[in-house]
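*Asks:* So here's run_0.cif, just mmCIF, C-alpha atoms:
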```
data_work
loop_
_atom_site.group_PDB
_atom_site.id
_atom_site.type_symbol
_atom_site.label_atom_id
_atom_site.label_comp_id
_atom_site.auth_asym_id
_atom_site.auth_seq_id
_atom_site.Cartn_x
_atom_site.Cartn_y
_atom_site.Cartn_z
ATOM 1 C CA MET F 1 78.738 -52.511 22.161
ATOM 2 C CA ARG F 2 75.195 -52.038 20.905
ATOM 3 C CA LYS F 3 74.424 -48.702 19.265
ATOM 4 C CA PRO F 4 72.696 -46.232 21.621
ATOM 5 C CA LEU F 5 68.943 -46.112 21.399
ATOM 6 C CA PRO F 6 67.743 -42.977 19.613
ATOM 7 C CA LEU F 7 66.444 -40.204 21.814
ATOM 8 C CA PRO F 8 63.504 -37.866 21.114
ATOM 9 C CA TYR F 9 63.981 -35.462 18.221
ATOM 10 C CA GLY F 10 66.515 -37.814 16.613
ATOM 11 C CA LEU F 11 69.257 -36.976 19.127
ATOM 12 C CA THR F 12 71.955 -39.352 20.290
ATOM 13 C CA ALA F 13 73.640 -39.304 23.686
ATOM 14 C CA LYS F 14 76.672 -37.650 22.059
ATOM 15 C CA ASP F 15 74.441 -34.838 20.751
ATOM 16 C CA VAL F 16 72.910 -34.264 24.175
ATOM 17 C CA VAL F 17 76.294 -34.230 25.925
ATOM 18 C CA GLU F 18 77.616 -31.733 23.391
ATOM 19 C CA ARG F 19 74.564 -29.528 23.888
ATOM 20 C CA ILE F 20 75.175 -29.445 27.645
ATOM 21 C CA ARG F 21 78.873 -28.731 27.150
ATOM 22 C CA ALA F 22 78.094 -25.834 24.787
ATOM 23 C CA ARG F 23 75.946 -24.145 27.428
ATOM 24 C CA HIS F 24 78.938 -24.077 29.772
ATOM 25 C CA ASP F 25 81.600 -22.795 27.392
ATOM 26 C CA ASP F 26 81.921 -19.598 29.401
ATOM 27 C CA HIS F 27 80.905 -20.951 32.817
ATOM 28 C CA THR F 28 83.088 -23.944 33.629
ATOM 29 C CA GLY F 29 85.417 -21.963 35.886
ATOM 30 C CA LEU F 30 88.035 -24.231 37.424
ATOM 31 C CA GLU F 31 85.987 -27.391 36.873
ATOM 32 C CA ASP F 32 86.669 -29.373 33.707
ATOM 33 C CA PHE F 33 83.728 -30.760 31.760
ATOM 34 C CA PRO F 34 83.418 -34.548 32.306
ATOM 35 C CA ALA F 35 84.526 -37.027 29.648
ATOM 36 C CA PRO F 36 81.591 -37.387 27.180
ATOM 37 C CA GLU F 37 81.441 -41.168 27.627
ATOM 38 C CA HIS F 38 81.006 -40.745 31.408
ATOM 39 C CA LEU F 39 77.248 -40.142 31.359
ATOM 40 C CA ALA F 40 76.850 -40.145 35.144
ATOM 41 C CA GLY F 41 79.492 -37.435 35.420
ATOM 42 C CA VAL F 42 77.848 -35.351 32.691
ATOM 43 C CA ILE F 43 74.431 -35.672 34.362
ATOM 44 C CA ASP F 44 75.902 -34.657 37.722
ATOM 45 C CA PHE F 45 77.695 -31.692 36.123
ATOM 46 C CA ALA F 46 74.572 -30.543 34.264
ATOM 47 C CA LEU F 47 72.445 -30.533 37.409
ATOM 48 C CA ARG F 48 75.033 -29.018 39.768
ATOM 49 C CA ARG F 49 76.213 -26.301 37.403
ATOM 50 C CA ARG F 50 72.831 -25.251 36.030
ATOM 51 C CA LYS F 51 72.582 -22.406 38.553
ATOM 52 C CA LYS F 52 75.452 -20.704 36.741
ATOM 53 C CA LEU F 53 73.282 -20.377 33.639
ATOM 54 C CA ARG F 54 70.381 -18.181 32.663
ATOM 55 C CA ALA F 55 66.967 -19.694 33.383
ATOM 56 C CA VAL F 56 66.243 -21.041 29.890
ATOM 57 C CA ASP F 57 69.630 -22.778 29.684
ATOM 58 C CA ALA F 58 69.290 -24.142 33.217
ATOM 59 C CA GLN F 59 65.965 -25.700 32.240
ATOM 60 C CA GLY F 60 67.615 -27.130 29.132
ATOM 61 C CA ASN F 61 70.251 -28.748 31.349
ATOM 62 C CA VAL F 62 67.572 -30.421 33.460
ATOM 63 C CA LEU F 63 65.728 -31.785 30.415
ATOM 64 C CA ASP F 64 68.944 -33.035 28.846
ATOM 65 C CA ALA F 65 69.960 -34.645 32.142
ATOM 66 C CA LEU F 66 66.650 -36.527 32.130
ATOM 67 C CA LEU F 67 67.285 -37.712 28.565
ATOM 68 C CA LEU F 68 70.718 -39.005 29.521
ATOM 69 C CA VAL F 69 69.342 -40.727 32.632
ATOM 70 C CA ARG F 70 66.801 -42.529 30.458
ATOM 71 C CA LEU F 71 69.435 -43.653 28.003
ATOM 72 C CA ALA F 72 71.788 -44.786 30.761
ATOM 73 C CA GLN F 73 68.983 -46.720 32.475
ATOM 74 C CA GLU F 74 68.035 -48.481 29.252
ATOM 75 C CA GLU F 75 71.660 -49.509 28.708
ATOM 76 C CA LEU F 76 71.916 -50.715 32.319
ATOM 77 C CA ASP F 77 68.735 -52.763 31.878
ATOM 78 C CA ARG F 78 70.236 -54.412 28.784
ATOM 79 C CA LEU F 79 73.487 -55.210 30.596
ATOM 80 C CA HIS F 80 71.589 -56.372 33.688
ATOM 81 C CA LEU F 81 69.540 -58.760 31.554
ATOM 82 C CA TRP F 82 72.672 -60.030 29.838
ATOM 83 C CA ALA F 83 74.366 -60.637 33.200
ATOM 84 C CA VAL F 84 71.446 -62.566 34.703
ATOM 85 C CA ARG F 85 71.032 -64.627 31.539
ATOM 86 C CA ALA F 86 74.774 -65.336 31.524
ATOM 87 C CA ALA F 87 74.569 -66.537 35.116
ATOM 88 C CA LYS F 88 71.912 -69.079 34.158
ATOM 89 C CA ALA F 89 73.568 -70.043 30.879
ATOM 90 C CA ASP F 90 76.898 -70.664 32.663
ATOM 91 C CA GLY F 91 75.243 -72.863 35.269
ATOM 92 C CA LEU F 92 75.925 -70.672 38.309
ATOM 93 C CA LYS F 93 74.119 -71.917 41.397
ATOM 94 C CA PRO F 94 71.059 -69.857 42.442
ATOM 95 C CA LYS F 95 72.468 -69.530 45.977
ATOM 96 C CA HIS F 96 75.371 -67.574 44.485
ATOM 97 C CA VAL F 97 73.320 -65.590 41.963
ATOM 98 C CA MET F 98 70.647 -64.470 44.413
ATOM 99 C CA PRO F 99 72.824 -62.337 46.743
ATOM 100 C CA ALA F 100 74.770 -60.865 43.829
ATOM 101 C CA ALA F 101 71.550 -59.848 42.065
ATOM 102 C CA GLY F 102 69.738 -58.762 45.240
ATOM 103 C CA LEU F 103 67.156 -61.542 45.021
ATOM 104 C CA ARG F 104 65.614 -63.693 47.748
ATOM 105 C CA SER F 105 64.422 -66.774 45.873
ATOM 106 C CA ARG F 106 65.164 -69.005 42.900
ATOM 107 C CA GLN F 107 61.901 -67.879 41.299
ATOM 108 C CA GLY F 108 63.127 -64.324 41.652
ATOM 109 C CA ILE F 109 65.827 -65.038 39.076
ATOM 110 C CA ASP F 110 63.270 -66.017 36.423
ATOM 111 C CA ASP F 111 61.030 -63.106 37.444
ATOM 112 C CA ARG F 112 63.944 -60.688 37.090
ATOM 113 C CA ILE F 113 64.732 -62.021 33.603
ATOM 114 C CA GLU F 114 61.100 -61.657 32.546
ATOM 115 C CA LEU F 115 60.879 -58.094 33.904
ATOM 116 C CA LEU F 116 64.126 -56.992 32.285
ATOM 117 C CA ALA F 117 63.260 -58.665 28.978
ATOM 118 C CA ARG F 118 60.024 -56.677 28.877
ATOM 119 C CA LYS F 119 61.842 -53.434 29.674
ATOM 120 C CA VAL F 120 64.528 -54.033 27.048
ATOM 121 C CA THR F 121 61.939 -55.006 24.436
ATOM 122 C CA ALA F 122 59.846 -51.918 25.218
ATOM 123 C CA ALA F 123 62.911 -49.684 24.954
ATOM 124 C CA ARG F 124 63.784 -51.121 21.541
ATOM 125 C CA LEU F 125 60.219 -50.515 20.353
ATOM 126 C CA HIS F 126 60.175 -47.056 22.010
ATOM 127 C CA VAL F 127 56.991 -47.822 23.941
ATOM 128 C CA SER F 128 56.110 -48.361 27.592
ATOM 129 C CA THR F 129 56.136 -51.887 29.017
ATOM 130 C CA GLU F 130 52.353 -51.610 29.410
ATOM 131 C CA ALA F 131 52.046 -50.863 25.686
ATOM 132 C CA LEU F 132 53.602 -54.245 24.874
ATOM 133 C CA ASP F 133 50.321 -55.861 25.831
ATOM 134 C CA ASP F 134 48.586 -53.666 23.261
ATOM 135 C CA THR F 135 50.935 -54.565 20.398
ATOM 136 C CA ALA F 136 49.910 -58.212 20.109
ATOM 137 C CA PRO F 137 47.930 -59.079 16.973
ATOM 138 C CA THR F 138 44.187 -59.622 17.258
ATOM 139 C CA THR F 139 44.605 -63.280 16.274
ATOM 140 C CA ASP F 140 47.075 -64.727 18.729
ATOM 141 C CA THR F 141 49.325 -67.614 17.810
ATOM 142 C CA PRO F 142 48.923 -70.369 20.434
ATOM 143 C CA GLU F 143 51.826 -70.588 22.843
ATOM 144 C CA HIS F 144 52.669 -74.158 21.836
ATOM 145 C CA GLU F 145 53.109 -72.968 18.231
ATOM 146 C CA LEU F 146 55.332 -70.086 19.343
ATOM 147 C CA ARG F 147 57.438 -72.549 21.333
ATOM 148 C CA ALA F 148 57.766 -74.830 18.318
ATOM 149 C CA LEU F 149 58.770 -71.905 16.115
ATOM 150 C CA ALA F 150 61.294 -70.683 18.691
ATOM 151 C CA LYS F 151 62.888 -74.140 18.814
ATOM 152 C CA ALA F 152 63.017 -74.257 15.011
ATOM 153 C CA LEU F 153 64.644 -70.823 14.885
ATOM 154 C CA LEU F 154 67.269 -71.788 17.470
ATOM 155 C CA SER F 155 67.991 -75.102 15.741
ATOM 156 C CA CYS F 156 69.146 -73.258 12.611
ATOM 157 C CA TRP F 157 70.691 -70.237 14.351
ATOM 158 C CA GLU F 158 74.196 -71.093 13.093
ATOM 159 C CA GLU F 159 72.829 -70.813 9.550
ATOM 160 C CA LEU F 160 71.609 -67.245 10.076
ATOM 161 C CA THR F 161 73.507 -63.999 9.519
ATOM 162 C CA THR F 162 74.042 -62.623 13.027
ATOM 163 C CA ASN F 163 76.539 -60.787 15.201
ATOM 164 C CA ALA F 164 77.282 -60.703 18.934
ATOM 165 C CA ASP F 165 74.403 -58.326 19.651
ATOM 166 C CA ILE F 166 71.863 -60.422 17.756
ATOM 167 C CA ASP F 167 73.146 -63.605 19.420
ATOM 168 C CA GLU F 168 71.966 -62.170 22.750
ATOM 169 C CA TRP F 169 68.395 -62.710 21.521
ATOM 170 C CA ALA F 170 69.112 -66.421 21.003
ATOM 171 C CA GLU F 171 70.226 -66.687 24.642
ATOM 172 C CA GLY F 172 67.070 -64.903 25.758
ATOM 173 C CA ILE F 173 64.762 -67.083 23.660
ATOM 174 C CA GLU F 174 66.435 -70.245 24.953
ATOM 175 C CA LEU F 175 66.048 -69.135 28.572
ATOM 176 C CA VAL F 176 62.353 -68.358 28.056
ATOM 177 C CA LEU F 177 61.855 -71.848 26.652
ATOM 178 C CA ARG F 178 63.601 -73.397 29.658
ATOM 179 C CA ALA F 179 61.902 -71.232 32.290
ATOM 180 C CA LYS F 180 58.658 -72.060 34.072
ATOM 181 C CA PRO F 181 55.746 -70.839 31.881
ATOM 182 C CA THR F 182 54.026 -67.605 32.923
ATOM 183 C CA SER F 183 51.210 -65.493 31.548
ATOM 184 C CA HIS F 184 53.799 -63.544 29.524
ATOM 185 C CA THR F 185 55.735 -66.490 28.057
ATOM 186 C CA GLY F 186 54.060 -66.421 24.647
ATOM 187 C CA GLU F 187 54.305 -62.646 24.413
ATOM 188 C CA SER F 188 57.981 -62.722 25.379
ATOM 189 C CA LEU F 189 58.816 -65.385 22.784
ATOM 190 C CA ARG F 190 56.953 -63.513 20.061
ATOM 191 C CA ALA F 191 58.587 -60.175 20.861
ATOM 192 C CA GLN F 192 62.116 -61.546 21.125
ATOM 193 C CA MET F 193 61.852 -63.580 17.926
ATOM 194 C CA LYS F 194 60.413 -60.630 16.014
ATOM 195 C CA LEU F 195 63.148 -58.279 17.210
ATOM 196 C CA ALA F 196 65.869 -60.836 16.497
ATOM 197 C CA VAL F 197 64.659 -61.349 12.925
ATOM 198 C CA GLU F 198 64.308 -57.591 12.387
ATOM 199 C CA GLU F 199 67.943 -57.155 13.412
ATOM 200 C CA ILE F 200 69.008 -60.064 11.202
ATOM 201 C CA ASP F 201 67.208 -58.473 8.250
ATOM 202 C CA ASP F 202 68.773 -55.092 9.031
ATOM 203 C CA LEU F 203 72.272 -56.615 9.243
ATOM 204 C CA SER F 204 71.669 -58.473 5.975
ATOM 205 C CA SER F 205 70.547 -55.269 4.269
ATOM 206 C CA ARG F 206 73.590 -53.330 5.493
ATOM 207 C CA THR F 207 76.148 -56.007 4.618
ATOM 208 C CA GLY F 208 74.618 -57.465 1.473
ATOM 209 C CA VAL F 209 74.822 -60.965 2.969
ATOM 210 C CA SER F 210 71.824 -63.283 2.748
ATOM 211 C CA PRO F 211 70.004 -63.529 6.111
ATOM 212 C CA ALA F 212 69.821 -67.332 5.848
ATOM 213 C CA ARG F 213 72.188 -69.930 4.443
ATOM 214 C CA SER F 214 69.788 -72.865 4.248
ATOM 215 C CA THR F 215 66.193 -73.538 3.240
ATOM 216 C CA SER F 216 65.165 -74.447 6.787
ATOM 217 C CA ALA F 217 66.694 -71.246 8.165
ATOM 218 C CA ALA F 218 64.911 -69.156 5.518
ATOM 219 C CA GLN F 219 61.612 -70.869 6.370
ATOM 220 C CA ALA F 220 62.085 -70.148 10.079
ATOM 221 C CA LEU F 221 62.753 -66.475 9.352
ATOM 222 C CA ASN F 222 59.684 -66.206 7.140
ATOM 223 C CA SER F 223 57.514 -67.842 9.796
ATOM 224 C CA VAL F 224 58.652 -65.296 12.381
ATOM 225 C CA ARG F 225 58.112 -62.399 9.969
ATOM 226 C CA MET F 226 54.492 -63.513 9.568
ATOM 227 C CA LEU F 227 53.731 -63.402 13.308
#
```
Would you mind writing the file's structure down as structure tokens?
*Replies:*
Amino acid sequence: MRKPLPLPYGLTAKDVVERIRARHDDHTGLEDFPAPEHLAGVIDFALRRRKKLRAVDAQGNVLDALLLVRLAQEELDRLHLWAVRAAKADGLKPKHVMPAAGLRSRQGIDDRIELLARKVTAARLHVSTEALDDTAPTTDTPEHELRALAKALLSCWEELTTNADIDEWAEGIELVLRAKPTSHTGESLRAQMKLAVEEIDDLSSRTGVSPARSTSAAQALNSVRML
């Protein structure tokens, strides 16, 4: 499973859950504190039981519940995107995907992927989805060049140092290439390639393994880094 996204003030979900639990050390009564990994249960507990606390701690519970909701939503968005991409990658028929995903048209599947990809990318960058439009460089790379670079990157993917999490980006890039072009296609390709290469570089740094095992793979990585 992917590591949780960092929360404000450098906290993790585990830290926030522990902070809520500590406020209730003397106030749990007959109700056990939920399992830490059950975020929905912890959020429910924090909101329901806040009235047992003094005002400042009750307010802390509400703020921490909001932090956990944000983290849970970001993880759900990532899993949602993975599921919809998997449906397309596995060749499931749109007539079966649409009711399962709550969609009414074939185009809705591609629209859902685009929306979720933007949300997941924004969460990884810790910005709003609207801010993604402001992060593009002043000199834009033409979309046809981004498509060519994406194809080059995918063609040498097996020669890159990746893991299961990073491989999700390859699936996303491939689906963008296959989908009907939109006004956000170039932006989506750029963002996903940049994030994929950043994670490849991070994995390489942590493991001491070269990020690329061929000249063509190294060239593709360098091209993406320069975007």
*Asks:* Listing only residues of range 192-219 of chain F within 10 Å of range 162-166 of chain F, what is the closest atom pair and its distance in Å (to one decimal) for each, using all atoms listed in the file, sorted by chain and residue number ascending, as a tab-separated table?
*Replies:*
```
residue	atom	partner	partner_atom	distance
F:Leu195	CA	F:Ile166	CA	9.0
F:Ala196	CA	F:Ile166	CA	6.1
F:Val197	CA	F:Ile166	CA	8.7
F:Glu198	CA	F:Ile166	CA	9.7
F:Glu199	CA	F:Ile166	CA	6.7
F:Ile200	CA	F:Thr162	CA	5.9
F:Asp201	CA	F:Thr162	CA	9.3
F:Leu203	CA	F:Thr162	CA	7.3
F:Ser204	CA	F:Thr162	CA	8.5
F:Pro211	CA	F:Thr162	CA	8.1
F:Ala212	CA	F:Thr162	CA	9.6
```
*Asks:* Which protein, DNA or RNA residues have an atom at most 12 Å from (68.1, -77.5, 13.0), counting only C-alpha atoms? List them as a ChimeraX atom specification.
*Replies:* /F:148-160,214-220
*Asks:* Let me have the centre and edge lengths of the axis-aligned box enclosing all listed atoms of range 109-116 of chain F with 6 Å padding on every side, in Å to one decimal, as lines of an AutoDock Vina configuration file.
*Replies:*
```
center_x = 63.4
center_y = -61.5
center_z = 35.7
size_x = 16.9
size_y = 21.0
size_z = 18.8
```
*Asks:* Would you please work out which residue, of F:Ile173, F:Leu125, F:Val17, F:Leu47, is nearest to Pro34 in chain F when using all atoms listed in the file?
*Replies:*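 Looking only at the distances to Pro34 in chain F, the closest residue turns out to be F:Val17.
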*Asks:* In Å, with one decimal, what is the gap from CA of Leu71 in chain F to CA of Asp15 in chain F?
*Replies:*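 CA of Leu71 in chain F sits 12.5 Å away from CA of Asp15 in chain F.
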*Asks:* Residues at most 10 Å from Ile20 in chain F, counting all atoms listed in the file, excluding those fewer than 6 positions away in the same chain, as a PyMOL selection string?
*Replies:* chain F and resi 33+42-43+45-46+50+57-58+60-62+64-65
*Asks:* Pick from F:Gln59, F:Lys52, F:Gly108, F:Leu68: nearest to Glu37 in chain F, with all atoms listed in the file counted?
*Replies:*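 The answer is F:Leu68, which sits nearest to Glu37 in chain F.
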*Asks:* If you measure from CA of Ala101 in chain F to CA of Ala83 in chain F, what distance in Å do you get, rounded to one decimal?
*Replies:* 9.3 Å
*Asks:* Between CA of Glu75 in chain F and CA of Leu227 in chain F, what distance in Å does the model show, to one decimal?
*Replies:* 27.4 Å
*Asks:* Quick one: residues within 12 Å of His80 in chain F, only C-alpha atoms counted, chain neighbours fewer than 2 positions away excluded, as a list of chain:residue names?
*Replies:*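 Residues meeting the cut-off are F:Ala72, F:Gln73, F:Glu74, F:Glu75, F:Leu76, F:Asp77, F:Arg78, F:Trp82, F:Ala83, F:Val84, F:Arg85, F:Ala86, F:Ala87, F:Ala100, F:Ala101, F:Gly102, F:Ile109, F:Arg112, F:Ile113, F:Glu114, F:Leu115, F:Leu116, F:Ala117, F:Lys119, F:Val120.
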*Asks:* Applying the PyMOL selection byres ((chain F and resi 145-147) around 12) to the file I just gave you, which residues come out? Please list them as a compact mmCIF listing (two decimals) with C-alpha atoms, keeping the file's coordinate frame.
*Replies:*
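For reference, part.txt as written:
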```txt
# COMPACT_ATOMS: atom_id res chain seq x y z
CA ASP F 140 47.08 -64.73 18.73
CA THR F 141 49.32 -67.61 17.81
CA PRO F 142 48.92 -70.37 20.43
CA GLU F 143 51.83 -70.59 22.84
CA HIS F 144 52.67 -74.16 21.84
CA ALA F 148 57.77 -74.83 18.32
CA LEU F 149 58.77 -71.90 16.11
CA ALA F 150 61.29 -70.68 18.69
CA LYS F 151 62.89 -74.14 18.81
CA ALA F 152 63.02 -74.26 15.01
CA LEU F 153 64.64 -70.82 14.88
CA LEU F 154 67.27 -71.79 17.47
CA ILE F 173 64.76 -67.08 23.66
CA GLU F 174 66.44 -70.24 24.95
CA LEU F 175 66.05 -69.14 28.57
CA VAL F 176 62.35 -68.36 28.06
CA LEU F 177 61.86 -71.85 26.65
CA ARG F 178 63.60 -73.40 29.66
CA ALA F 179 61.90 -71.23 32.29
CA PRO F 181 55.75 -70.84 31.88
CA THR F 185 55.74 -66.49 28.06
CA GLY F 186 54.06 -66.42 24.65
CA GLU F 187 54.30 -62.65 24.41
CA SER F 188 57.98 -62.72 25.38
CA LEU F 189 58.82 -65.39 22.78
CA ARG F 190 56.95 -63.51 20.06
CA ALA F 191 58.59 -60.18 20.86
CA GLN F 192 62.12 -61.55 21.12
CA MET F 193 61.85 -63.58 17.93
CA LYS F 194 60.41 -60.63 16.01
CA ALA F 220 62.08 -70.15 10.08
CA SER F 223 57.51 -67.84 9.80
CA VAL F 224 58.65 -65.30 12.38
CA MET F 226 54.49 -63.51 9.57
CA LEU F 227 53.73 -63.40 13.31
```
*Asks:* Determine the nearest neighbour of Arg106 in chain F from the options F:Asp25, F:Lys180, F:Gly172, F:Leu63, counting only C-alpha atoms.
*Replies:*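 Nearest to Arg106 in chain F: F:Lys180.
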*Asks:* Return range 161-171 of chain F, completed with all heavy atoms, as a compact mmCIF listing (two decimals), keeping the file's coordinate frame.
*Replies:*
```txt
# COMPACT_ATOMS: atom_id res chain seq x y z
N THR F 161 72.52 -65.08 9.50
CA THR F 161 73.51 -64.00 9.52
C THR F 161 73.29 -63.17 10.78
O THR F 161 72.30 -62.45 10.89
CB THR F 161 73.36 -63.11 8.27
OG1 THR F 161 73.64 -63.88 7.11
CG2 THR F 161 74.33 -61.93 8.33
N THR F 162 74.20 -63.32 11.75
CA THR F 162 74.04 -62.62 13.03
C THR F 162 75.36 -61.98 13.43
O THR F 162 76.37 -62.10 12.75
CB THR F 162 73.61 -63.61 14.13
OG1 THR F 162 74.68 -64.52 14.39
CG2 THR F 162 72.36 -64.38 13.73
N ASN F 163 75.33 -61.30 14.56
CA ASN F 163 76.54 -60.79 15.20
C ASN F 163 76.38 -60.97 16.71
O ASN F 163 75.39 -61.56 17.16
CB ASN F 163 76.79 -59.32 14.82
CG ASN F 163 75.60 -58.42 15.16
OD1 ASN F 163 74.81 -58.74 16.05
ND2 ASN F 163 75.47 -57.31 14.46
N ALA F 164 77.32 -60.48 17.48
CA ALA F 164 77.28 -60.70 18.93
C ALA F 164 76.03 -60.12 19.57
O ALA F 164 75.44 -60.71 20.49
CB ALA F 164 78.54 -60.11 19.58
N ASP F 165 75.60 -58.94 19.09
CA ASP F 165 74.40 -58.33 19.65
C ASP F 165 73.17 -59.17 19.37
O ASP F 165 72.33 -59.40 20.25
CB ASP F 165 74.21 -56.92 19.06
CG ASP F 165 75.21 -55.92 19.63
OD1 ASP F 165 75.81 -56.22 20.67
OD2 ASP F 165 75.38 -54.85 19.03
N ILE F 166 73.03 -59.63 18.13
CA ILE F 166 71.86 -60.42 17.76
C ILE F 166 71.87 -61.76 18.49
O ILE F 166 70.81 -62.28 18.87
CB ILE F 166 71.83 -60.64 16.23
CG1 ILE F 166 71.71 -59.29 15.51
CG2 ILE F 166 70.66 -61.54 15.84
CD1 ILE F 166 71.80 -59.38 14.00
N ASP F 167 73.06 -62.31 18.72
CA ASP F 167 73.15 -63.60 19.42
C ASP F 167 72.60 -63.53 20.85
O ASP F 167 72.22 -64.55 21.42
CB ASP F 167 74.59 -64.09 19.44
CG ASP F 167 75.06 -64.58 18.07
OD1 ASP F 167 74.19 -64.87 17.23
OD2 ASP F 167 76.27 -64.66 17.86
N GLU F 168 72.55 -62.32 21.41
CA GLU F 168 71.97 -62.17 22.75
C GLU F 168 70.49 -62.58 22.73
O GLU F 168 69.96 -63.10 23.72
CB GLU F 168 72.10 -60.73 23.24
CG GLU F 168 73.52 -60.31 23.58
CD GLU F 168 73.58 -58.89 24.07
OE1 GLU F 168 72.56 -58.39 24.60
OE2 GLU F 168 74.62 -58.25 23.90
N TRP F 169 69.81 -62.33 21.60
CA TRP F 169 68.40 -62.71 21.52
C TRP F 169 68.24 -64.23 21.58
O TRP F 169 67.29 -64.74 22.16
CB TRP F 169 67.78 -62.16 20.23
CG TRP F 169 67.59 -60.68 20.23
CD1 TRP F 169 68.20 -59.77 19.41
CD2 TRP F 169 66.74 -59.92 21.10
NE1 TRP F 169 67.78 -58.50 19.73
CE2 TRP F 169 66.88 -58.56 20.74
CE3 TRP F 169 65.87 -60.26 22.13
CZ2 TRP F 169 66.19 -57.54 21.39
CZ3 TRP F 169 65.18 -59.23 22.79
CH2 TRP F 169 65.34 -57.90 22.42
N ALA F 170 69.18 -64.95 20.96
CA ALA F 170 69.11 -66.42 21.00
C ALA F 170 69.20 -66.91 22.44
O ALA F 170 68.47 -67.83 22.85
CB ALA F 170 70.24 -67.03 20.16
N GLU F 171 70.10 -66.30 23.24
CA GLU F 171 70.23 -66.69 24.64
C GLU F 171 68.92 -66.42 25.38
O GLU F 171 68.47 -67.23 26.19
CB GLU F 171 71.37 -65.91 25.29
CG GLU F 171 72.74 -66.22 24.74
CD GLU F 171 73.83 -65.38 25.39
OE1 GLU F 171 73.52 -64.73 26.41
OE2 GLU F 171 74.96 -65.39 24.90
```
